[in-house]
$ cat start.txt   # compact mmCIF, C-alpha atoms and all ligand atoms
# COMPACT_ATOMS: atom_id res chain seq x y z
CA MET A 277 46.12 -41.29 50.72
CA PRO A 278 42.52 -41.41 49.41
CA HIS A 279 41.81 -38.53 47.06
CA LEU A 280 38.57 -36.69 47.49
CA PRO A 281 36.94 -36.64 44.08
CA SER A 282 36.32 -33.01 43.15
CA ASP A 283 35.69 -29.63 44.63
CA THR A 284 31.97 -29.79 45.25
CA PRO A 285 31.70 -33.18 46.95
CA LEU A 286 34.75 -32.27 49.03
CA ARG A 287 33.23 -28.94 49.97
CA ASP A 288 29.88 -30.49 50.82
CA TRP A 289 31.49 -33.17 52.94
CA LEU A 290 33.64 -30.61 54.77
CA ARG A 291 30.67 -28.31 55.29
CA ALA A 292 28.77 -31.09 57.04
CA LEU A 293 31.55 -31.60 59.61
CA PRO A 294 30.82 -29.64 62.81
CA LYS A 295 33.74 -27.24 63.24
CA ALA A 296 34.84 -24.27 65.31
CA GLU A 297 36.57 -21.14 64.09
CA LEU A 298 39.09 -19.90 66.65
CA HIS A 299 41.08 -17.25 64.81
CA LEU A 300 38.81 -14.65 63.28
CA HIS A 301 39.03 -10.87 63.60
CA ILE A 302 35.52 -9.52 63.35
CA GLU A 303 36.86 -6.27 61.85
CA GLY A 304 38.44 -8.44 59.16
CA THR A 305 35.04 -9.67 58.00
CA LEU A 306 34.02 -6.23 56.71
CA GLU A 307 33.21 -6.90 53.05
CA PRO A 308 33.56 -3.95 50.64
CA GLU A 309 29.78 -3.90 50.03
CA LEU A 310 29.06 -3.44 53.73
CA MET A 311 31.93 -0.95 54.02
CA PHE A 312 30.24 1.19 51.38
CA ALA A 313 26.77 0.80 52.89
CA LEU A 314 27.99 1.82 56.35
CA ALA A 315 30.05 4.69 54.94
CA GLU A 316 26.91 6.04 53.31
CA ARG A 317 24.73 5.43 56.37
CA ASN A 318 27.21 7.23 58.62
CA GLY A 319 28.46 9.90 56.22
CA VAL A 320 32.03 8.64 56.44
CA PRO A 321 34.16 9.43 53.36
CA LEU A 322 36.04 6.51 51.77
CA PRO A 323 39.13 6.89 49.58
CA TYR A 324 37.66 4.49 46.98
CA ALA A 325 35.34 5.13 44.03
CA ASP A 326 33.48 1.83 44.37
CA VAL A 327 33.52 -1.73 45.65
CA ASP A 328 35.78 -2.92 42.83
CA ALA A 329 38.34 -0.25 43.69
CA VAL A 330 38.40 -1.53 47.27
CA ARG A 331 39.05 -5.09 46.10
CA GLN A 332 41.75 -3.78 43.73
CA ALA A 333 43.49 -2.18 46.68
CA TYR A 334 43.79 -5.54 48.48
CA GLN A 335 47.23 -6.39 47.12
CA PHE A 336 49.30 -6.96 50.20
CA THR A 337 53.04 -7.41 50.49
CA ASP A 338 53.23 -8.11 54.21
CA LEU A 339 51.26 -7.85 57.46
CA GLN A 340 51.65 -4.07 57.79
CA SER A 341 50.41 -3.35 54.27
CA PHE A 342 47.24 -5.23 55.21
CA LEU A 343 46.86 -3.67 58.67
CA ASP A 344 46.95 -0.15 57.19
CA LEU A 345 43.85 -0.92 55.09
CA TYR A 346 42.18 -2.97 57.82
CA TYR A 347 42.30 -0.09 60.32
CA ALA A 348 41.20 2.41 57.65
CA GLY A 349 38.25 0.17 56.69
CA ALA A 350 37.10 -0.06 60.31
CA SER A 351 36.48 3.71 60.33
CA VAL A 352 32.97 3.14 58.92
CA LEU A 353 31.91 1.28 62.10
CA ILE A 354 30.22 3.86 64.31
CA THR A 355 26.96 2.67 65.87
CA GLU A 356 25.81 -0.38 67.81
CA GLN A 357 23.81 -1.36 64.71
CA ASP A 358 27.01 -1.27 62.60
CA PHE A 359 28.75 -3.73 64.92
CA TYR A 360 25.63 -5.87 64.95
CA ASP A 361 25.38 -5.85 61.12
CA LEU A 362 29.07 -6.70 60.77
CA THR A 363 28.81 -9.62 63.18
CA MET A 364 25.54 -10.92 61.75
CA ALA A 365 27.00 -10.91 58.22
CA TYR A 366 29.91 -13.02 59.47
CA LEU A 367 27.57 -15.39 61.33
CA HIS A 368 25.66 -16.06 58.10
CA HIS A 369 28.96 -17.14 56.52
CA ALA A 370 29.69 -19.22 59.61
CA GLN A 371 26.37 -20.99 59.27
CA ALA A 372 26.87 -21.58 55.54
CA ASP A 373 30.29 -23.10 56.28
CA GLY A 374 29.01 -25.50 58.92
CA LEU A 375 30.56 -23.85 61.97
CA ALA A 376 29.06 -24.95 65.28
CA HIS A 377 31.07 -22.51 67.37
CA VAL A 378 33.06 -19.29 66.81
CA GLU A 379 35.55 -17.42 68.99
CA LEU A 380 35.77 -13.88 67.64
CA MET A 381 38.61 -11.51 68.28
CA PHE A 382 37.79 -7.83 68.38
CA ASP A 383 40.10 -4.84 68.75
CA PRO A 384 38.48 -2.24 71.04
CA GLN A 385 41.39 0.18 70.62
CA THR A 386 40.70 0.42 66.87
CA HIS A 387 37.36 1.94 67.84
CA THR A 388 37.95 3.74 71.15
CA HIS A 389 40.85 5.67 69.58
CA ARG A 390 38.30 7.06 67.08
CA GLY A 391 35.95 8.12 69.85
CA ILE A 392 33.60 5.10 69.73
CA ALA A 393 32.54 3.95 73.19
CA ILE A 394 33.62 0.43 74.14
CA GLU A 395 30.02 -0.12 75.32
CA THR A 396 28.81 0.39 71.73
CA VAL A 397 31.23 -2.22 70.41
CA PHE A 398 30.31 -4.83 73.03
CA ALA A 399 26.58 -4.20 72.62
CA GLY A 400 26.53 -4.71 68.85
CA LEU A 401 28.72 -7.83 68.87
CA ALA A 402 26.80 -9.34 71.77
CA ARG A 403 23.36 -8.76 70.27
CA ALA A 404 24.37 -10.62 67.10
CA LEU A 405 26.08 -13.48 68.95
CA ARG A 406 23.15 -14.00 71.31
CA GLU A 407 20.69 -13.92 68.44
CA ALA A 408 22.75 -16.48 66.50
CA ARG A 409 22.79 -18.78 69.50
CA GLY A 410 19.00 -18.84 69.44
CA THR A 411 18.20 -18.74 65.73
CA MET A 412 21.21 -20.40 64.04
CA GLY A 413 22.38 -22.82 66.72
CA ILE A 414 25.89 -21.33 66.61
CA SER A 415 27.60 -20.60 69.91
CA GLY A 416 30.02 -17.70 70.10
CA TYR A 417 32.63 -16.29 72.42
CA LEU A 418 34.55 -13.01 72.37
CA LEU A 419 38.30 -12.59 72.76
CA LEU A 420 39.16 -8.97 73.52
CA SER A 421 42.45 -8.34 71.72
CA PHE A 422 45.07 -5.74 72.51
CA LEU A 423 46.90 -3.96 69.70
CA ARG A 424 50.58 -4.76 70.20
CA HIS A 425 51.87 -1.68 68.36
CA LEU A 426 50.35 0.38 71.20
CA SER A 427 51.74 0.51 74.73
CA GLU A 428 51.03 -1.89 77.57
CA GLU A 429 49.62 1.11 79.44
CA ASP A 430 47.05 1.53 76.67
CA ALA A 431 46.21 -2.18 76.93
CA PHE A 432 45.64 -1.75 80.68
CA ALA A 433 43.40 1.26 80.03
CA THR A 434 41.38 -0.84 77.56
CA LEU A 435 41.08 -3.71 80.03
CA ASN A 436 39.97 -1.33 82.77
CA ALA A 437 37.38 0.26 80.48
CA ALA A 438 36.01 -3.18 79.58
CA LEU A 439 35.96 -4.79 83.04
CA PRO A 440 32.82 -2.98 84.29
CA LEU A 441 31.00 -4.66 81.36
CA ARG A 442 32.20 -8.15 82.23
CA SER A 443 29.19 -9.26 84.28
CA GLN A 444 26.84 -8.11 81.50
CA TYR A 445 28.73 -10.17 78.90
CA ASP A 446 30.05 -13.08 80.94
CA ASP A 447 28.31 -15.55 78.62
CA LEU A 448 30.45 -14.22 75.75
CA TRP A 449 33.65 -12.51 76.82
CA VAL A 450 35.89 -15.39 77.90
CA GLY A 451 39.34 -14.47 76.66
CA ILE A 452 42.11 -12.10 75.72
CA GLY A 453 44.19 -11.89 72.54
CA LEU A 454 47.12 -9.93 71.15
CA ASP A 455 47.29 -8.83 67.52
CA SER A 456 48.54 -6.17 65.06
CA SER A 457 52.17 -5.52 63.98
CA GLU A 458 54.20 -8.43 65.30
CA ARG A 459 57.85 -7.68 64.53
CA GLY A 460 59.39 -5.38 67.11
CA ASN A 461 56.44 -5.88 69.48
CA PRO A 462 57.33 -9.09 71.32
CA PRO A 463 54.92 -10.82 73.71
CA GLU A 464 56.93 -9.76 76.78
CA LYS A 465 55.87 -6.15 76.15
CA PHE A 466 52.48 -7.29 77.53
CA ALA A 467 53.69 -9.46 80.43
CA ARG A 468 51.98 -7.43 83.18
CA VAL A 469 48.62 -7.01 81.52
CA TYR A 470 48.52 -10.73 80.65
CA ALA A 471 49.36 -11.62 84.26
CA ARG A 472 46.44 -9.46 85.36
CA CYS A 473 44.12 -11.09 82.80
CA ALA A 474 45.19 -14.53 84.07
CA GLU A 475 44.34 -13.48 87.66
CA LEU A 476 40.96 -12.35 86.38
CA GLY A 477 40.34 -15.84 85.00
CA PHE A 478 40.37 -15.12 81.27
CA HIS A 479 41.52 -17.64 78.69
CA LEU A 480 44.66 -16.31 77.01
CA VAL A 481 45.79 -16.46 73.38
CA ALA A 482 48.28 -14.38 71.39
CA HIS A 483 49.43 -14.02 67.81
CA ALA A 484 53.01 -15.25 67.54
CA GLY A 485 55.20 -16.69 64.83
CA GLU A 486 53.24 -15.27 61.90
CA GLU A 487 55.92 -12.84 60.68
CA GLY A 488 57.81 -12.77 63.96
CA PRO A 489 60.35 -15.42 64.96
CA ALA A 490 59.84 -18.73 66.77
CA ASP A 491 61.22 -16.98 69.87
CA TYR A 492 58.01 -14.97 70.06
CA VAL A 493 56.05 -18.23 70.23
CA ARG A 494 58.26 -19.33 73.09
CA SER A 495 57.78 -16.07 75.00
CA ALA A 496 54.01 -16.13 74.38
CA LEU A 497 53.99 -19.56 76.05
CA GLU A 498 56.48 -18.92 78.83
CA ILE A 499 55.85 -15.28 79.70
CA LEU A 500 52.25 -14.65 78.67
CA LYS A 501 51.25 -18.26 79.50
CA VAL A 502 48.80 -18.51 76.62
CA ALA A 503 46.67 -21.59 76.03
CA ARG A 504 46.76 -21.25 72.21
CA ILE A 505 49.04 -19.65 69.67
CA ASP A 506 47.48 -17.70 66.81
CA HIS A 507 49.35 -18.60 63.61
CA GLY A 508 52.55 -20.09 65.09
CA VAL A 509 53.72 -21.31 61.69
CA ARG A 510 57.27 -20.09 62.34
CA SER A 511 57.48 -22.58 65.25
CA SER A 512 58.91 -25.17 62.89
CA ASP A 513 62.12 -23.06 62.70
CA ASP A 514 62.87 -24.28 66.24
CA PRO A 515 62.68 -28.09 66.57
CA ASP A 516 62.79 -28.01 70.39
CA LEU A 517 59.94 -25.54 70.51
CA LEU A 518 57.92 -27.64 68.07
CA GLN A 519 58.43 -30.71 70.26
CA GLU A 520 57.18 -28.77 73.25
CA LEU A 521 54.09 -27.60 71.35
CA ILE A 522 53.39 -31.19 70.33
CA GLN A 523 53.93 -32.63 73.81
CA ARG A 524 51.82 -29.98 75.52
CA ARG A 525 49.10 -30.17 72.85
CA ILE A 526 49.22 -26.39 72.41
CA PRO A 527 46.82 -25.53 69.60
CA LEU A 528 48.03 -23.48 66.64
CA THR A 529 45.27 -21.50 64.92
CA VAL A 530 46.67 -21.57 61.40
CA CYS A 531 45.21 -19.36 58.65
CA PRO A 532 46.41 -20.67 55.27
CA LEU A 533 44.86 -18.11 52.90
CA SER A 534 45.96 -15.27 55.19
CA ASN A 535 49.53 -16.60 55.11
CA LEU A 536 49.35 -16.73 51.33
CA LYS A 537 47.96 -13.19 50.94
CA LEU A 538 50.45 -11.66 53.36
CA GLY A 539 53.45 -13.40 51.83
CA VAL A 540 54.17 -15.64 54.83
CA VAL A 541 54.23 -18.43 52.22
CA ARG A 542 54.79 -18.06 48.48
CA ASP A 543 52.42 -20.83 47.49
CA LEU A 544 49.87 -22.84 49.44
CA SER A 545 51.63 -26.04 48.38
CA GLU A 546 54.64 -24.85 50.42
CA HIS A 547 52.62 -24.25 53.57
CA ASN A 548 53.87 -26.19 56.59
CA LEU A 549 50.35 -26.90 57.90
CA ALA A 550 50.45 -30.52 56.74
CA ARG A 551 54.00 -31.04 58.02
CA LEU A 552 53.03 -29.63 61.42
CA LEU A 553 49.91 -31.79 61.54
CA ARG A 554 51.79 -34.94 60.48
CA ALA A 555 54.45 -34.23 63.12
CA GLY A 556 51.66 -34.34 65.72
CA ALA A 557 50.99 -30.65 66.34
CA MET A 558 47.45 -29.60 67.25
CA VAL A 559 46.76 -27.60 64.11
CA THR A 560 43.44 -25.91 63.38
CA ILE A 561 42.27 -24.13 60.19
CA ASN A 562 40.84 -20.61 60.35
CA ALA A 563 40.16 -17.58 58.14
CA ASP A 564 41.74 -14.67 60.10
CA ASP A 565 40.35 -11.75 58.03
CA PRO A 566 38.19 -13.37 55.34
CA ALA A 567 36.96 -10.16 53.67
CA TYR A 568 40.57 -9.19 52.97
CA PHE A 569 42.14 -12.57 52.24
CA GLY A 570 39.64 -13.99 49.77
CA GLY A 571 38.09 -16.82 51.72
CA TYR A 572 36.04 -17.88 54.72
CA VAL A 573 36.84 -20.91 56.83
CA LEU A 574 35.45 -23.51 54.42
CA ASP A 575 37.48 -21.97 51.58
CA ASN A 576 40.55 -22.38 53.79
CA TYR A 577 39.77 -26.07 54.38
CA VAL A 578 39.16 -26.76 50.68
CA ALA A 579 42.22 -24.84 49.47
CA SER A 580 44.45 -26.55 52.05
CA ALA A 581 43.05 -29.99 51.29
CA GLN A 582 43.78 -29.53 47.60
CA ALA A 583 47.17 -27.83 47.86
CA LEU A 584 48.52 -30.18 50.53
CA ASP A 585 46.80 -33.42 49.61
CA LEU A 586 45.15 -33.72 53.00
CA SER A 587 43.45 -37.06 53.55
CA HIS A 588 39.91 -37.64 54.76
CA ASP A 589 41.27 -38.61 58.20
CA GLU A 590 43.50 -35.53 58.37
CA LEU A 591 40.57 -33.24 57.59
CA VAL A 592 38.50 -34.89 60.30
CA THR A 593 41.43 -34.43 62.71
CA LEU A 594 41.60 -30.72 61.80
CA ALA A 595 37.88 -30.34 62.51
CA ALA A 596 38.21 -32.30 65.78
CA ASN A 597 41.18 -30.16 66.80
CA SER A 598 39.11 -27.02 66.28
CA LEU A 599 36.48 -28.32 68.72
CA GLN A 600 39.05 -29.62 71.23
CA ALA A 601 41.04 -26.38 71.14
CA SER A 602 37.98 -24.20 71.75
CA PHE A 603 37.15 -22.75 75.14
CA LEU A 604 33.78 -24.55 75.21
CA PRO A 605 32.88 -26.54 78.33
CA ALA A 606 33.88 -30.22 78.18
CA ALA A 607 30.29 -31.43 77.80
CA ASP A 608 29.78 -29.27 74.69
CA LYS A 609 33.05 -30.50 73.19
CA THR A 610 32.00 -34.12 73.73
CA ARG A 611 28.60 -33.54 72.12
CA LEU A 612 30.14 -31.82 69.08
CA LEU A 613 32.90 -34.43 68.74
CA ASP A 614 30.21 -37.15 68.71
CA GLN A 615 28.35 -35.25 65.98
CA LEU A 616 31.62 -34.89 64.07
CA ALA A 617 32.28 -38.63 64.22
CA ALA A 618 28.80 -39.29 62.84
CA ALA A 619 29.13 -36.69 60.06
CA ALA A 620 32.62 -37.89 59.09
CA SER A 621 31.40 -41.40 58.46
CA ARG A 622 28.66 -40.20 56.11
CA GLY A 623 29.38 -39.57 52.44
N1 LIG B 1 48.01 -10.61 62.29
C1 LIG B 1 48.15 -9.66 63.21
N2 LIG B 1 47.18 -8.81 63.51
C2 LIG B 1 46.03 -8.92 62.87
C3 LIG B 1 45.83 -9.89 61.92
C4 LIG B 1 46.88 -10.78 61.62
O1 LIG B 1 46.79 -11.67 60.76
N3 LIG B 1 44.56 -9.71 61.48
C5 LIG B 1 44.03 -8.68 62.16
N4 LIG B 1 44.91 -8.19 63.01
ZN ZN B 2 44.95 -12.92 63.15

$ encode --input "start.txt" --output "structure tokens" --more "lines below"
Ligand code: HPA
Ligand code: ZN
Amino acid sequence: MPHLPSDTPLRDWLRALPKAELHLHIEGTLEPELMFALAERNGVPLPYADVDAVRQAYQFTDLQSFLDLYYAGASVLITEQDFYDLTMAYLHHAQADGLAHVELMFDPQTHTHRGIAIETVFAGLARALREARGTMGISGYLLLSFLRHLSEEDAFATLNAALPLRSQYDDLWVGIGLDSSERGNPPEKFARVYARCAELGFHLVAHAGEEGPADYVRSALEILKVARIDHGVRSSDDPDLLQELIQRRIPLTVCPLSNLKLGVVRDLSEHNLARLLRAGAMVTINADDPAYFGGYVLDNYVASAQALDLSHDELVTLAANSLQASFLPAADKTRLLDQLAAAASRG
């Protein structure tokens, strides 16, 4: 396997590859500096003395220990401008990392349960995404994600509150996701609301097999009928399931640094990303919640390449998978894949 010489040339070469990020929670891009600025702007008290104290607090033992801080952090997001600023800050990282396309998950319930109107959330995210399309050449979609620790009834209420906005945001809002506390909240809890979202013509994804068992991946596929699995790393516990994922080319949106920070893996060198990829699974690399997990998408590519000895060809395959697995129209995928082929052969 050819070794890529050192960090900077590797990073530069990876940056130049057109890529898509498919597993990114916009609330998880809230950097401590912006958290403090918004807290001050909105008069929201924070339980931290300063930015360093926030970073100190980011010592997670599992998914729930992270989610507790993630939901608390989101309390500073109040106005349309806040959601715009949050999204624009992420899009600057996206541009710096060479992303051509992003599919952002957002959690309306995190905000509506605090009394923020869903219209405010949509308006801020959409203004930033539309601006980025024009000024940065980055396309963006939105995946409205239900919180799985809440009831299916609450998910329906969220869907029904969002649907009147659909025509206004039909260039952006293309899909539905499922996130938050996985164990004890299996995909089938959301069978009816996913069936309704399928009837409505949304693309469907769901988190499964991050902390939860391979069975949850199976029920996300069979009951929710998702097109992609977010995380899905536990799929390798079930060889039959893994074969099905490979044969059906079901994309897995893997988030290596997230898995490391949340204790899904002990060390990046033990991550099964390379084994899944080499077995023929459609693996993609993503950041999940970069402000909390210590790295944006390019950091995830570089760290994975180094820890797992990924070859030049494997890294190009990961970038190509991210474009193929996106919900972009076929013509856009072809254009970006052609650009990727050209960029891959340079340097
Ligand atoms: N898993 C589940 N829910 C989440 C995550 C995650 O990694 N990030 C934000 N919500
Ligand atoms: Zn996630």

$ closest_residue --input "start.txt" --among "A:Gln615, A:Asn461, A:Ser602, A:Ser580" --to "Leu480 of chain A" --atoms "all atoms listed in the file"
A:Ser602

$ closest_atom_pairs --input "start.txt" --of "chain A" --to "ligand LIG 1 (chain B)" --cutoff "9 Å" --atoms "all atoms listed in the file" --output "CSV"
residue,atom,partner,partner_atom,distance
A:His299,CA,B:LIG1,N3,8.9
A:Leu300,CA,B:LIG1,N3,7.8
A:His301,CA,B:LIG1,C5,5.6
A:Ile302,CA,B:LIG1,C5,8.6
A:Glu303,CA,B:LIG1,C5,7.6
A:Gly304,CA,B:LIG1,C5,6.3
A:Leu339,CA,B:LIG1,N1,6.4
A:Gln340,CA,B:LIG1,C1,8.5
A:Phe342,CA,B:LIG1,N3,8.2
A:Leu343,CA,B:LIG1,N4,6.6
A:Tyr346,CA,B:LIG1,C5,7.4
A:Tyr347,CA,B:LIG1,N4,8.9
A:Met381,CA,B:LIG1,C5,8.7
A:Phe382,CA,B:LIG1,C5,8.9
A:Asp383,CA,B:LIG1,N4,8.2
A:Leu423,CA,B:LIG1,N2,7.9
A:Arg424,CA,B:LIG1,N2,8.5
A:Leu454,CA,B:LIG1,N2,7.7
A:Asp455,CA,B:LIG1,N2,4.0
A:Ser456,CA,B:LIG1,N2,3.3
A:Ser457,CA,B:LIG1,C1,5.8
A:Glu458,CA,B:LIG1,C1,6.5
A:His483,CA,B:LIG1,C1,6.5
A:Ala484,CA,B:LIG1,C1,8.6
A:Glu486,CA,B:LIG1,N1,7.0
A:Glu487,CA,B:LIG1,N1,8.4
A:Asp506,CA,B:LIG1,N1,8.4
A:His507,CA,B:LIG1,O1,7.9
A:Cys531,CA,B:LIG1,O1,8.1
A:Ser534,CA,B:LIG1,O1,6.7
A:Asn535,CA,B:LIG1,O1,8.0
A:Leu538,CA,B:LIG1,O1,8.3
A:Asp564,CA,B:LIG1,N3,5.9
A:Asp565,CA,B:LIG1,N3,5.8

$ residues_near_point --input "start.txt" --point "(57.0, -10.0, 77.6)" --cutoff "8 Å" --atoms "all atoms listed in the file" --output "JSON, numbers by chain"
{"A": [462, 463, 464, 465, 466, 467, 468, 495, 496, 499, 500]}

$ residues_around --input "start.txt" --residues "segment 401-406 of chain A" --least-positions-apart "2" --cutoff "6 Å" --atoms "only C-alpha atoms" --output "PDB file with C-alpha atoms, in the coordinates of the input"
ATOM      1  CA  PHE A 359      28.750  -3.730  64.920  1.00  0.00           C
ATOM      2  CA  TYR A 360      25.630  -5.870  64.950  1.00  0.00           C
ATOM      3  CA  THR A 363      28.810  -9.620  63.180  1.00  0.00           C
ATOM      4  CA  MET A 364      25.540 -10.920  61.750  1.00  0.00           C
ATOM      5  CA  PHE A 398      30.310  -4.830  73.030  1.00  0.00           C
ATOM      6  CA  ALA A 399      26.580  -4.200  72.620  1.00  0.00           C
ATOM      7  CA  ALA A 408      22.750 -16.480  66.500  1.00  0.00           C
ATOM      8  CA  ARG A 409      22.790 -18.780  69.500  1.00  0.00           C
ATOM      9  CA  GLY A 416      30.020 -17.700  70.100  1.00  0.00           C
TER      10      GLY A 416
END

$ atom_distance --input "start.txt" --atom1 "atom CA of Pro566 of chain A" --atom2 "atom CA of Leu533 of chain A"
8.5 Å

$ residues_around --input "start.txt" --residues "His369 of chain A" --least-positions-apart "5" --cutoff "12 Å" --atoms "all atoms listed in the file" --output "PyMOL selection string"
chain A and resi 291+297+305+307+362-364+374-376+378+408+412+414+563+566-567+571-575

$ atom_distance --input "start.txt" --atom1 "atom CA of Thr610 of chain A" --atom2 "atom CA of Val493 of chain A"
29.0 Å

$ closest_residue --input "start.txt" --among "A:Tyr568, A:Asn562, A:Ala555, A:Val540" --to "Asp338 of chain A" --atoms "all atoms listed in the file"
A:Val540

$ axis_aligned_box --input "start.txt" --around "segment 306-320 of chain A" --padding-each-side "3 Å" --output "AutoDock Vina command-line options"
--center_x 29.4 --center_y 1.5 --center_z 54.3 --size_x 15.3 --size_y 22.8 --size_z 14.6

$ residues_around --input "start.txt" --residues "Ala329 of chain A" --least-positions-apart "6" --cutoff "12 Å" --atoms "only C-alpha atoms" --output "list in words"
Pro308, Glu309, Phe312, Leu322, Pro323 and Gln335 of chain A

$ residues_around --input "start.txt" --residues "Ala596 of chain A" --least-positions-apart "4" --cutoff "8 Å" --atoms "all atoms listed in the file" --output "PyMOL selection string"
chain A and resi 295+592+600+613+616

$ residues_around --input "start.txt" --residues "Ala620 of chain A" --least-positions-apart "6" --cutoff "10 Å" --atoms "all atoms listed in the file" --output "number ranges by chain"
A: 289-290, 292-294, 588-589, 591-592, 595, 614

$ closest_residue --input "start.txt" --among "A:Ala431, A:Ala296, A:Leu306, A:Ile505" --to "ligand ZN 2 (chain B)" --atoms "all atoms listed in the file"
A:Ile505

$ closest_residue --input "start.txt" --among "A:Gln444, A:Ser421, A:Thr388, A:Gln523" --to "Phe478 of chain A" --atoms "only C-alpha atoms"
A:Ser421

$ closest_residue --input "start.txt" --among "A:Asp288, A:Glu316, A:Glu590, A:Glu379" --to "ligand ZN 2 (chain B)" --atoms "all atoms listed in the file"
A:Glu379

$ closest_residue --input "start.txt" --among "A:Met558, A:Leu536, A:Ala617, A:Ala601" --to "Phe336 of chain A" --atoms "only C-alpha atoms"
A:Leu536

$ atom_distance --input "start.txt" --atom1 "atom CA of Ser621 of chain A" --atom2 "atom CA of Leu367 of chain A"
26.4 Å

$ build_atoms --input "start.txt" --residues "segment 557-562 of chain A" --atoms "all heavy atoms" --output "CSV table (one decimal), in the coordinates of the input"
chain,number,residue,atom,x,y,z
A,557,ALA,N,51.4,-31.9,65.7
A,557,ALA,CA,51.0,-30.6,66.3
A,557,ALA,C,49.5,-30.5,66.3
A,557,ALA,O,48.8,-31.1,65.3
A,557,ALA,CB,51.7,-29.5,65.6
A,558,MET,N,48.9,-29.8,67.2
A,558,MET,CA,47.4,-29.6,67.2
A,558,MET,C,47.1,-28.4,66.4
A,558,MET,O,46.8,-27.3,66.9
A,558,MET,CB,47.0,-29.4,68.7
A,558,MET,CG,45.5,-29.5,68.8
A,558,MET,SD,45.0,-29.6,70.5
A,558,MET,CE,43.3,-30.1,70.3
A,559,VAL,N,47.0,-28.7,65.1
A,559,VAL,CA,46.8,-27.6,64.1
A,559,VAL,C,45.3,-27.4,63.9
A,559,VAL,O,44.5,-28.4,63.9
A,559,VAL,CB,47.4,-28.0,62.8
A,559,VAL,CG1,47.1,-27.0,61.7
A,559,VAL,CG2,48.9,-28.1,62.9
A,560,THR,N,44.8,-26.2,63.8
A,560,THR,CA,43.4,-25.9,63.4
A,560,THR,C,43.5,-25.0,62.2
A,560,THR,O,44.5,-24.3,61.9
A,560,THR,CB,42.6,-25.2,64.5
A,560,THR,OG1,43.2,-23.9,64.7
A,560,THR,CG2,42.7,-26.0,65.8
A,561,ILE,N,42.4,-25.0,61.4
A,561,ILE,CA,42.3,-24.1,60.2
A,561,ILE,C,41.3,-23.0,60.4
A,561,ILE,O,40.2,-23.3,60.9
A,561,ILE,CB,41.9,-25.0,59.0
A,561,ILE,CG1,43.1,-25.9,58.5
A,561,ILE,CG2,41.4,-24.1,57.8
A,561,ILE,CD1,42.9,-26.6,57.2
A,562,ASN,N,41.6,-21.8,60.1
A,562,ASN,CA,40.8,-20.6,60.4
A,562,ASN,C,41.0,-19.6,59.2
A,562,ASN,O,41.9,-19.7,58.4
A,562,ASN,CB,41.3,-20.0,61.7
A,562,ASN,CG,41.4,-21.0,62.8
A,562,ASN,OD1,40.4,-21.2,63.5
A,562,ASN,ND2,42.5,-21.7,63.0
